[in-house]
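run.cif follows; it contains mmCIF, C-alpha atoms.
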data_data
loop_
_atom_site.label_atom_id
_atom_site.label_comp_id
_atom_site.auth_asym_id
_atom_site.auth_seq_id
_atom_site.Cartn_x
_atom_site.Cartn_y
_atom_site.Cartn_z
CA MET A 265 111.58 86.50 157.78
CA GLY A 266 113.99 83.68 157.18
CA SER A 267 111.68 80.83 158.01
CA ALA A 268 108.70 82.28 156.13
CA ALA A 269 110.78 82.82 153.00
CA ARG A 270 112.18 79.32 153.33
CA SER A 271 108.68 77.86 153.57
CA VAL A 272 107.57 79.74 150.46
CA ALA A 273 110.67 78.57 148.60
CA ARG A 274 110.07 75.00 149.74
CA LEU A 275 106.45 75.21 148.65
CA LEU A 276 107.31 76.65 145.23
CA THR A 277 110.03 74.12 144.52
CA HIS A 278 107.95 71.18 145.63
CA ARG A 279 107.57 68.53 142.94
CA VAL A 280 103.82 69.10 142.63
CA SER A 281 104.11 72.92 142.55
CA LEU A 282 106.71 72.76 139.80
CA ARG A 283 104.46 70.44 137.81
CA VAL A 284 101.51 72.83 138.19
CA ILE A 285 103.62 75.88 137.38
CA GLY A 286 104.91 74.10 134.27
CA VAL A 287 101.38 73.35 133.10
CA VAL A 288 100.21 76.94 133.69
CA VAL A 289 103.21 78.53 131.94
CA GLY A 290 102.91 75.97 129.14
CA ALA A 291 99.22 76.73 128.67
CA VAL A 292 99.95 80.45 128.41
CA PHE A 293 102.54 79.77 125.70
CA VAL A 294 100.32 77.40 123.71
CA TYR A 295 97.40 79.83 123.86
CA ALA A 296 99.66 82.70 122.83
CA SER A 297 100.91 80.77 119.81
CA LEU A 298 97.57 79.90 118.19
CA ASP A 299 96.61 83.23 116.61
CA LYS A 300 100.17 83.87 115.45
CA ILE A 301 100.42 80.45 113.81
CA ALA A 302 97.17 81.02 111.96
CA TYR A 303 98.08 84.58 110.87
CA PRO A 304 101.86 84.80 110.40
CA ASP A 305 101.38 87.83 108.15
CA ARG A 306 99.74 89.84 110.92
CA PHE A 307 102.31 88.75 113.46
CA ALA A 308 104.98 89.98 111.03
CA ASP A 309 103.26 93.39 111.06
CA VAL A 310 103.31 93.39 114.86
CA LEU A 311 107.02 92.55 114.90
CA ASN A 312 107.66 95.26 112.33
CA ASP A 313 105.91 97.80 114.53
CA TYR A 314 108.21 97.04 117.46
CA GLN A 315 111.00 98.52 115.30
CA MET A 316 113.73 96.38 116.81
CA LEU A 317 114.44 93.87 114.04
CA PRO A 318 116.11 94.16 110.63
CA LEU A 319 113.64 93.78 107.76
CA LEU A 320 115.19 90.48 106.68
CA ALA A 321 114.57 88.91 110.08
CA ILE A 322 110.90 89.79 110.42
CA ASN A 323 109.22 87.14 108.27
CA PRO A 324 111.42 84.26 109.53
CA ILE A 325 110.87 85.23 113.16
CA ALA A 326 107.14 85.68 112.56
CA LEU A 327 107.07 82.12 111.24
CA VAL A 328 109.28 80.37 113.77
CA MET A 329 108.63 82.16 117.06
CA PRO A 330 104.97 81.07 117.40
CA TRP A 331 106.05 77.46 116.89
CA VAL A 332 108.74 77.86 119.52
CA GLU A 333 105.97 78.99 121.86
CA MET A 334 103.80 76.04 120.83
CA VAL A 335 106.51 73.36 121.15
CA THR A 336 107.82 74.79 124.43
CA GLY A 337 104.31 75.09 125.82
CA CYS A 338 103.44 71.50 124.90
CA ALA A 339 106.66 70.21 126.50
CA LEU A 340 105.87 72.12 129.71
CA ILE A 341 102.29 70.85 129.80
CA LEU A 342 103.26 67.25 129.11
CA GLY A 343 106.21 67.42 131.47
CA VAL A 344 108.67 66.30 128.80
CA TRP A 345 112.16 67.88 128.83
CA ARG A 346 110.85 70.41 131.28
CA ARG A 347 114.15 72.06 132.11
CA GLY A 348 115.06 72.55 128.48
CA ALA A 349 111.59 73.91 127.80
CA GLY A 350 111.86 76.11 130.91
CA LEU A 351 115.11 77.51 129.54
CA ILE A 352 113.44 78.48 126.25
CA ALA A 353 110.38 79.85 128.05
CA THR A 354 112.67 82.02 130.18
CA GLY A 355 114.48 83.25 127.10
CA LEU A 356 111.23 84.03 125.27
CA THR A 357 109.80 85.93 128.22
CA VAL A 358 112.99 88.00 128.50
CA VAL A 359 112.60 88.82 124.80
CA PHE A 360 108.97 89.89 125.40
CA LEU A 361 110.05 92.07 128.32
CA VAL A 362 112.80 93.73 126.29
CA GLY A 363 110.40 94.30 123.39
CA ILE A 364 107.74 95.91 125.57
CA ALA A 365 110.24 97.99 127.55
CA GLN A 366 111.98 99.40 124.49
CA ALA A 367 108.60 100.22 122.90
CA GLU A 368 107.52 102.07 126.04
CA ILE A 369 110.82 103.91 126.43
CA ARG A 370 110.75 105.03 122.79
CA GLY A 371 107.10 106.01 123.10
CA LEU A 372 105.87 103.64 120.37
CA ASP A 373 102.09 103.42 120.33
CA ILE A 374 101.78 99.83 119.13
CA GLU A 375 99.69 96.74 119.56
CA CYS A 376 101.06 94.23 122.02
CA GLY A 377 100.52 91.22 119.77
CA CYS A 378 100.77 89.03 122.85
CA PHE A 379 97.75 86.81 122.29
CA ASP A 380 95.65 88.51 119.66
CA VAL A 381 97.10 89.64 116.34
CA SER A 382 93.75 90.34 114.71
CA GLY A 383 94.64 94.02 114.28
CA MET A 384 91.35 94.89 115.97
CA SER A 385 92.78 94.41 119.45
CA SER A 386 93.17 97.45 121.61
CA THR A 387 95.80 95.87 123.86
CA LYS A 388 98.80 98.15 123.53
CA ALA A 389 102.34 97.38 124.55
CA SER A 390 102.53 99.02 127.97
CA TRP A 391 104.18 98.85 131.38
CA ASN A 392 101.08 96.98 132.61
CA LEU A 393 101.90 94.17 130.23
CA PHE A 394 105.51 94.32 131.35
CA VAL A 395 104.38 93.73 134.93
CA ARG A 396 102.01 90.99 133.80
CA ASP A 397 104.93 89.14 132.22
CA ILE A 398 106.99 89.06 135.44
CA PRO A 399 105.10 86.13 137.04
CA LEU A 400 105.47 84.32 133.72
CA LEU A 401 109.22 84.91 133.87
CA LEU A 402 109.44 83.70 137.46
CA GLY A 403 107.41 80.60 136.65
CA ALA A 404 109.55 79.79 133.62
CA MET A 405 112.75 80.33 135.62
CA LEU A 406 111.53 78.08 138.44
CA VAL A 407 110.84 75.24 136.02
CA TRP A 408 114.17 75.78 134.29
CA ARG A 409 116.28 75.88 137.45
CA LYS A 410 114.41 73.58 139.80
CA ALA A 411 112.32 71.05 137.89
CA MET B 1003 132.40 69.23 116.81
CA GLN B 1004 133.96 67.66 119.90
CA ILE B 1005 133.49 70.89 121.78
CA LEU B 1006 129.84 70.88 120.77
CA VAL B 1007 129.36 67.32 121.99
CA ARG B 1008 131.09 68.14 125.27
CA LEU B 1009 128.91 71.22 125.72
CA LEU B 1010 125.74 69.29 125.05
CA THR B 1011 126.63 66.47 127.42
CA THR B 1012 127.60 68.97 130.12
CA PHE B 1013 124.40 70.96 129.69
CA PRO B 1014 121.75 68.42 128.70
CA GLN B 1015 119.00 70.99 129.14
CA ALA B 1016 120.65 73.17 126.50
CA ALA B 1017 120.74 70.19 124.15
CA ARG B 1018 117.06 69.57 124.76
CA ALA B 1019 116.26 73.24 124.29
CA ALA B 1020 118.11 73.10 120.98
CA ALA B 1021 116.13 70.04 119.96
CA LEU B 1022 112.87 71.81 120.78
CA LEU B 1023 113.97 74.83 118.74
CA ALA B 1024 114.80 72.53 115.81
CA ALA B 1025 111.37 70.93 116.08
CA ALA B 1026 109.79 74.40 116.02
CA LEU B 1027 111.76 75.26 112.88
CA VAL B 1028 110.60 72.13 111.06
CA LEU B 1029 106.99 72.57 112.13
CA SER B 1030 106.93 76.23 111.15
CA ALA B 1031 108.27 75.46 107.68
CA ALA B 1032 105.71 72.69 107.20
CA CYS B 1033 102.81 74.76 108.48
CA ASN B 1034 103.80 77.79 106.44
CA ALA B 1035 103.91 75.67 103.29
CA VAL B 1036 100.24 74.72 103.63
CA ASN B 1037 98.81 77.82 105.36
CA PRO B 1038 96.80 79.87 102.82
CA LEU B 1039 98.06 82.96 104.67
CA GLY B 1040 101.64 81.67 104.55
CA ILE B 1041 104.31 84.30 104.02
CA PRO B 1042 107.61 84.15 102.12
CA TRP B 1043 110.75 83.72 104.24
CA LEU B 1044 112.22 86.87 102.73
CA PRO B 1045 110.63 90.29 102.19
CA SER B 1046 108.67 90.63 98.94
CA ALA B 1047 110.10 92.40 95.90
CA GLY B 1048 108.80 95.76 97.08
CA GLY B 1049 110.67 95.32 100.37
CA HIS B 1050 107.50 94.61 102.34
CA VAL B 1051 107.16 92.06 105.12
CA GLY B 1052 104.11 90.19 106.32
CA ILE B 1053 102.43 89.91 102.92
CA PRO B 1054 100.97 86.42 102.34
CA ARG B 1055 102.38 84.71 99.25
CA ALA B 1056 98.87 84.42 97.83
CA TYR B 1057 98.37 88.19 98.09
CA GLU B 1058 101.55 89.41 96.43
CA SER B 1059 100.18 89.30 92.89
CA ARG B 1060 96.92 90.87 94.05
CA LEU B 1061 98.62 94.04 95.29
CA PRO B 1062 100.26 95.29 92.09
CA GLU B 1063 102.47 98.34 92.46
CA ILE B 1064 101.99 101.11 89.93
CA ASN B 1065 104.00 104.28 89.38
CA ALA B 1066 102.71 107.84 89.52
CA ALA B 1067 102.02 108.06 85.76
CA GLU B 1068 99.96 104.88 85.85
CA ALA B 1069 98.09 106.15 88.87
CA PHE B 1070 97.41 109.46 87.13
CA ALA B 1071 96.03 107.56 84.13
CA LEU B 1072 93.47 106.02 86.49
CA TYR B 1073 92.88 109.32 88.26
CA GLN B 1074 91.95 111.49 85.29
CA PRO B 1075 88.88 109.59 84.05
CA GLU B 1076 87.89 109.13 87.71
CA GLU B 1077 88.11 105.40 87.27
CA ALA B 1078 89.61 104.75 90.65
CA VAL B 1079 89.00 105.73 94.25
CA PHE B 1080 92.22 106.99 95.84
CA VAL B 1081 92.85 105.92 99.41
CA ASP B 1082 95.30 107.89 101.55
CA SER B 1083 96.78 105.57 104.21
CA ARG B 1084 98.78 108.33 105.90
CA ASP B 1085 98.08 109.88 109.28
CA ARG B 1086 95.13 112.24 109.61
CA GLU B 1087 97.31 115.36 110.15
CA ASP B 1088 99.22 114.73 106.95
CA TYR B 1089 96.03 114.18 104.97
CA GLU B 1090 94.60 117.39 106.37
CA ARG B 1091 97.70 119.32 105.32
CA ASP B 1092 97.54 118.15 101.71
CA HIS B 1093 96.41 115.16 99.69
CA ILE B 1094 95.37 113.94 96.27
CA PRO B 1095 92.03 115.63 95.45
CA GLY B 1096 89.13 113.30 96.14
CA ALA B 1097 91.23 110.82 98.09
CA ILE B 1098 89.63 109.21 101.12
CA ASN B 1099 91.77 109.15 104.24
CA VAL B 1100 91.94 105.79 106.01
CA PRO B 1101 94.88 106.27 108.42
CA MET B 1102 96.46 102.83 108.66
CA ARG B 1103 98.01 103.57 112.04
CA GLU B 1104 94.47 103.95 113.43
CA TRP B 1105 92.96 101.20 111.32
CA ALA B 1106 90.91 99.51 114.03
CA GLU B 1107 89.37 102.81 115.13
CA VAL B 1108 88.65 104.37 111.74
CA TRP B 1109 87.66 101.41 109.60
CA PRO B 1110 84.05 101.07 110.84
CA GLU B 1111 83.22 104.64 109.75
CA LYS B 1112 85.23 104.48 106.50
CA GLU B 1113 83.96 101.18 105.19
CA SER B 1114 80.78 102.63 103.65
CA GLN B 1115 82.86 105.12 101.61
CA LEU B 1116 84.75 102.36 99.79
CA PRO B 1117 82.54 100.23 97.55
CA ARG B 1118 83.70 96.58 97.42
CA GLU B 1119 83.76 96.50 93.61
CA ALA B 1120 85.64 99.80 93.16
CA LEU B 1121 89.17 100.05 91.86
CA LEU B 1122 91.17 101.39 94.80
CA VAL B 1123 94.56 103.08 94.49
CA LEU B 1124 96.32 103.10 97.85
CA TYR B 1125 99.11 105.51 98.68
CA CYS B 1126 101.17 106.51 101.68
CA TYR B 1127 104.30 108.61 102.23
CA GLY B 1128 106.99 107.34 99.92
CA ALA B 1129 109.71 104.76 99.49
CA HIS B 1130 109.43 101.81 101.87
CA CYS B 1131 106.26 103.15 103.42
CA GLY B 1132 104.55 99.85 104.10
CA LEU B 1133 101.27 101.33 105.31
CA SER B 1134 99.45 101.08 101.97
CA THR B 1135 100.59 97.55 101.29
CA ARG B 1136 99.50 96.53 104.76
CA GLN B 1137 96.16 98.25 104.24
CA GLY B 1138 95.80 96.43 100.93
CA LYS B 1139 96.30 93.16 102.73
CA TRP B 1140 93.46 93.96 105.13
CA LEU B 1141 91.21 95.08 102.30
CA LEU B 1142 91.85 91.83 100.42
CA ALA B 1143 90.94 89.90 103.54
CA LEU B 1144 87.71 91.92 103.72
CA GLY B 1145 86.72 90.98 100.18
CA TYR B 1146 88.07 93.88 98.15
CA SER B 1147 89.72 92.59 95.01
CA ASN B 1148 90.62 95.45 92.70
CA LEU B 1149 93.58 97.14 94.35
CA ARG B 1150 96.70 99.00 93.24
CA VAL B 1151 99.49 100.38 95.39
CA LEU B 1152 101.12 103.62 94.29
CA ASP B 1153 104.83 102.88 94.39
CA TYR B 1154 106.70 105.66 96.28
CA GLY B 1155 103.30 107.08 97.16
CA TRP B 1156 102.77 110.73 97.89
CA SER B 1157 106.38 111.74 97.25
CA GLU B 1158 106.31 110.33 93.70
CA TRP B 1159 102.94 111.90 92.96
CA THR B 1160 104.01 115.38 94.07
CA LYS B 1161 107.39 115.10 92.34
CA ALA B 1162 105.55 114.43 89.08
CA GLY B 1163 103.54 117.60 89.62
CA TYR B 1164 100.13 115.92 89.67
CA PRO B 1165 97.23 117.70 91.39
CA THR B 1166 97.07 118.08 95.15
CA VAL B 1167 94.78 119.91 97.53
CA GLN B 1168 96.24 122.00 100.33
CA HIS B 1169 94.46 123.04 103.49
CA PRO B 1170 91.09 121.82 102.25
CA SER B 1171 88.13 123.75 103.61
CA ASP B 1172 86.57 120.62 105.11
CA GLY B 1173 89.00 120.42 108.00
CA GLY B 1174 92.28 122.22 107.38
CA THR B 1175 95.07 122.52 109.90
#

Starting from the coordinates I provided, produce the structure as structure tokens.
Amino acid sequence: MGSAARSVARLLTHRVSLRVIGVVVGAVFVYASLDKIAYPDRFADVLNDYQMLPLLAINPIALVMPWVEMVTGCALILGVWRRGAGLIATGLTVVFLVGIAQAEIRGLDIECGCFDVSGMSSTKASWNLFVRDIPLLLGAMLVWRKA
Amino acid sequence: MQILVRLLTTFPQAARAAALLAAALVLSAACNAVNPLGIPWLPSAGGHVGIPRAYESRLPEINAAEAFALYQPEEAVFVDSRDREDYERDHIPGAINVPMREWAEVWPEKESQLPREALLVLYCYGAHCGLSTRQGKWLLALGYSNLRVLDYGWSEWTKAGYPTVQHPSDGGT
């Protein structure tokens, strides 16, 4: 087991792999930010539905968080300040995971608001999405710790 | 201050993360200022979030007496944004139920019942029930223009003793 795991680790932390992982994670973040930047009002509704934020915090977070995704994503794609960007990407993904998990545990039947905040999306916050976010978390953590 | 400088030089990635966050803050403020769907940084007067600045004046809140004044001469169409079960238990006579929590599913079949030019009075449960205001926002985006939101909604209407229908024959509980 030891040597196989070591090879995988060496492969993943290779300069080129980290660059590719950064671009992929960055692209996910940039793509995720677009709809929310265009429709901050609908993203505010999504945040409100997660029922984990005080009312006063919802509009400011709806405005700033998509831009955090955008700026972080661009930095990861361009390879600028990658570790700092990886740190934020890790933090954001943890926040997503906490949001989805608490919604599932409390039985909230709500829209994910991950990529599409059109209000016509049928993507609900679910354990499937939680699992989908794990590779994103691992990628972000790799860039943060190893890039 | 010195501690901050020491922290930032010890953890340069944290300093860069902070710089990225600051950039995001500046960009969001700039973008929000020019976005036609931009929202205020604080909740609106009615305590609602996610209402574009440009929409606030187009979703006037009215009290139960004002709503009743529109109800009597049948000037307005009343829209009940509450859940289906609550509507089926009791509602304002003649109101059309468009459950906001199932908006995406119900809107296609409800759209034909709400003429674009009609005066619509939206109501939901009561204080701080944001469902009607949110529905109003969607209706504005769809081209409806003559909207009112019944402040305190159903609870205010029933407290005032205005007419309601219970267990209507067309689909009671």

Selected residue, from A:Gly377, A:Gly403, A:Gly286, A:Pro318, that lies nearest to Pro330 of chain A when counting all atoms listed in the file: A:Gly377

Could you state which residues are captured by the PyMOL selection byres ((chain A) within 9 of (chain B)) in this file, as a short mmCIF file (atom, residue, chain, number, x, y, z; two decimals) with C-alpha atoms, keeping the file's coordinate frame?
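The resulting file, out.cif, is shown below:
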data_model
loop_
_atom_site.label_atom_id
_atom_site.label_comp_id
_atom_site.auth_asym_id
_atom_site.auth_seq_id
_atom_site.Cartn_x
_atom_site.Cartn_y
_atom_site.Cartn_z
CA ILE A 301 100.42 80.45 113.81
CA ALA A 302 97.17 81.02 111.96
CA TYR A 303 98.08 84.58 110.87
CA PRO A 304 101.86 84.80 110.40
CA ASP A 305 101.38 87.83 108.15
CA ARG A 306 99.74 89.84 110.92
CA PHE A 307 102.31 88.75 113.46
CA ALA A 308 104.98 89.98 111.03
CA ASP A 309 103.26 93.39 111.06
CA ASN A 312 107.66 95.26 112.33
CA LEU A 319 113.64 93.78 107.76
CA LEU A 320 115.19 90.48 106.68
CA ALA A 321 114.57 88.91 110.08
CA ILE A 322 110.90 89.79 110.42
CA ASN A 323 109.22 87.14 108.27
CA PRO A 324 111.42 84.26 109.53
CA ALA A 326 107.14 85.68 112.56
CA LEU A 327 107.07 82.12 111.24
CA VAL A 328 109.28 80.37 113.77
CA MET A 329 108.63 82.16 117.06
CA PRO A 330 104.97 81.07 117.40
CA TRP A 331 106.05 77.46 116.89
CA VAL A 332 108.74 77.86 119.52
CA GLU A 333 105.97 78.99 121.86
CA MET A 334 103.80 76.04 120.83
CA VAL A 335 106.51 73.36 121.15
CA THR A 336 107.82 74.79 124.43
CA ALA A 339 106.66 70.21 126.50
CA TRP A 345 112.16 67.88 128.83
CA ARG A 346 110.85 70.41 131.28
CA ARG A 347 114.15 72.06 132.11
CA GLY A 348 115.06 72.55 128.48
CA ALA A 349 111.59 73.91 127.80
CA GLY A 350 111.86 76.11 130.91
CA LEU A 351 115.11 77.51 129.54
CA ILE A 352 113.44 78.48 126.25
CA ILE A 374 101.78 99.83 119.13
CA GLY A 383 94.64 94.02 114.28
CA MET A 384 91.35 94.89 115.97
CA SER A 385 92.78 94.41 119.45
CA SER A 386 93.17 97.45 121.61
CA TRP A 408 114.17 75.78 134.29
#

Residue members of the PyMOL selection byres ((chain B and resi 1074-1077) around 10) in the file shown, as a PyMOL selection string: chain B and resi 1069-1073+1078-1080+1096+1120-1123

Residues matched by the PyMOL selection byres ((chain A and resi 289-292) around 7) as a PyMOL selection string: chain A and resi 285-288+293-296+336-338+340-341+400+403-404

Residue among B:Ala1067, B:Gly1128, B:Ser1059, B:Val1108 lying closest to Asn1148 of chain B, counting all atoms listed in the file: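 That would be B:Ser1059, the residue with the smallest distance to Asn1148 of chain B.
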
d(atom CA of Leu1133 of chain B, atom CA of Asn392 of chain A) in Å: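 Separation of atom CA of Leu1133 of chain B and atom CA of Asn392 of chain A: 27.6 Å.
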
One-decimal distance in Å that lies between atom CA of Ala367 of chain A and atom CA of Val1151 of chain B: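 Atom CA of Ala367 of chain A lies at a distance of 29.0 Å from atom CA of Val1151 of chain B.
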
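Interatomic distance, atom CA of Asp313 of chain A to atom CA of Ala1066 of chain B: 27.1 Å.
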
Hey, what's within 8 Å of Asp299 of chain A if we count all atoms listed in the file and toss same-chain stuff fewer than 4 positions away? As a compact mmCIF listing (two decimals) with C-alpha atoms, in the frame of the given file, please?
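Once everything was written out, this is result.txt:
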# COMPACT_ATOMS: atom_id res chain seq x y z
CA TYR A 303 98.08 84.58 110.87
CA PHE A 379 97.75 86.81 122.29
CA ASP A 380 95.65 88.51 119.66
CA VAL A 381 97.10 89.64 116.34
CA SER A 382 93.75 90.34 114.71

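Distances here use only C-alpha atoms; by that measure, the residue among B:Val1007, B:Ala1056, B:Ala1047, B:Val1036 closest to Leu1142 of chain B is B:Ala1056.
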
Can I get N, CA and C atoms for segment 1026-1059 of chain B, as a short mmCIF file (atom, residue, chain, number, x, y, z; two decimals), in the first residue's frame?
data_model
loop_
_atom_site.label_atom_id
_atom_site.label_comp_id
_atom_site.auth_asym_id
_atom_site.auth_seq_id
_atom_site.Cartn_x
_atom_site.Cartn_y
_atom_site.Cartn_z
N ALA B 1026 -12.41 41.55 -3.59
CA ALA B 1026 -13.79 41.09 -3.81
C ALA B 1026 -14.78 42.10 -3.25
N LEU B 1027 -14.45 42.66 -2.09
CA LEU B 1027 -15.33 43.64 -1.45
C LEU B 1027 -15.49 44.88 -2.33
N VAL B 1028 -14.36 45.38 -2.83
CA VAL B 1028 -14.40 46.58 -3.68
C VAL B 1028 -15.18 46.30 -4.97
N LEU B 1029 -14.88 45.16 -5.59
CA LEU B 1029 -15.56 44.83 -6.84
C LEU B 1029 -17.06 44.64 -6.64
N SER B 1030 -17.44 44.01 -5.52
CA SER B 1030 -18.87 43.79 -5.29
C SER B 1030 -19.59 45.11 -5.10
N ALA B 1031 -18.97 46.04 -4.38
CA ALA B 1031 -19.61 47.34 -4.17
C ALA B 1031 -19.76 48.07 -5.50
N ALA B 1032 -18.72 48.02 -6.32
CA ALA B 1032 -18.77 48.71 -7.61
C ALA B 1032 -19.83 48.08 -8.52
N CYS B 1033 -19.84 46.77 -8.58
CA CYS B 1033 -20.78 46.08 -9.45
C CYS B 1033 -22.21 46.31 -8.98
N ASN B 1034 -22.41 46.25 -7.67
CA ASN B 1034 -23.76 46.43 -7.14
C ASN B 1034 -24.29 47.83 -7.42
N ALA B 1035 -23.37 48.81 -7.47
CA ALA B 1035 -23.80 50.19 -7.71
C ALA B 1035 -24.37 50.35 -9.12
N VAL B 1036 -23.87 49.57 -10.08
CA VAL B 1036 -24.33 49.75 -11.46
C VAL B 1036 -25.30 48.66 -11.92
N ASN B 1037 -25.41 47.57 -11.17
CA ASN B 1037 -26.30 46.48 -11.56
C ASN B 1037 -27.76 46.93 -11.41
N PRO B 1038 -28.57 46.85 -12.49
CA PRO B 1038 -29.97 47.24 -12.35
C PRO B 1038 -30.72 46.38 -11.33
N LEU B 1039 -30.21 45.18 -11.06
CA LEU B 1039 -30.82 44.33 -10.04
C LEU B 1039 -30.08 44.45 -8.70
N GLY B 1040 -29.29 45.50 -8.57
CA GLY B 1040 -28.52 45.70 -7.33
C GLY B 1040 -29.43 45.78 -6.12
N ILE B 1041 -28.93 45.28 -4.99
CA ILE B 1041 -29.74 45.26 -3.77
C ILE B 1041 -29.11 46.17 -2.73
N PRO B 1042 -29.93 46.69 -1.80
CA PRO B 1042 -29.35 47.50 -0.73
C PRO B 1042 -28.50 46.63 0.20
N TRP B 1043 -27.54 47.25 0.90
CA TRP B 1043 -26.68 46.47 1.79
C TRP B 1043 -27.42 46.05 3.05
N LEU B 1044 -28.49 46.76 3.37
CA LEU B 1044 -29.28 46.40 4.56
C LEU B 1044 -30.67 45.97 4.10
N PRO B 1045 -31.39 45.23 4.96
CA PRO B 1045 -32.75 44.84 4.59
C PRO B 1045 -33.61 46.09 4.33
N SER B 1046 -34.63 45.95 3.48
CA SER B 1046 -35.50 47.08 3.19
C SER B 1046 -36.37 47.42 4.40
N ALA B 1047 -37.10 48.51 4.30
CA ALA B 1047 -37.89 49.00 5.43
C ALA B 1047 -38.81 47.92 6.00
N GLY B 1048 -39.39 47.12 5.13
CA GLY B 1048 -40.29 46.07 5.59
C GLY B 1048 -39.58 44.87 6.19
N GLY B 1049 -38.25 44.94 6.29
CA GLY B 1049 -37.49 43.83 6.86
C GLY B 1049 -37.24 42.71 5.87
N HIS B 1050 -37.35 43.02 4.57
CA HIS B 1050 -37.15 41.99 3.56
C HIS B 1050 -35.74 42.06 2.99
N VAL B 1051 -35.20 40.91 2.62
CA VAL B 1051 -33.89 40.88 1.99
C VAL B 1051 -34.05 40.44 0.53
N GLY B 1052 -33.03 40.76 -0.26
CA GLY B 1052 -33.02 40.29 -1.64
C GLY B 1052 -33.98 41.04 -2.56
N ILE B 1053 -34.41 42.23 -2.17
CA ILE B 1053 -35.28 43.02 -3.04
C ILE B 1053 -34.42 44.08 -3.74
N PRO B 1054 -34.34 44.03 -5.08
CA PRO B 1054 -33.54 45.03 -5.79
C PRO B 1054 -33.99 46.45 -5.43
N ARG B 1055 -33.02 47.35 -5.34
CA ARG B 1055 -33.34 48.75 -5.02
C ARG B 1055 -34.43 49.29 -5.93
N ALA B 1056 -34.32 48.96 -7.22
CA ALA B 1056 -35.24 49.50 -8.22
C ALA B 1056 -36.66 48.97 -8.02
N TYR B 1057 -36.81 47.89 -7.27
CA TYR B 1057 -38.13 47.27 -7.11
C TYR B 1057 -38.86 47.76 -5.85
N GLU B 1058 -38.10 48.33 -4.91
CA GLU B 1058 -38.70 48.60 -3.60
C GLU B 1058 -39.95 49.46 -3.71
N SER B 1059 -39.88 50.52 -4.54
CA SER B 1059 -41.03 51.42 -4.64
C SER B 1059 -42.15 50.79 -5.46
#
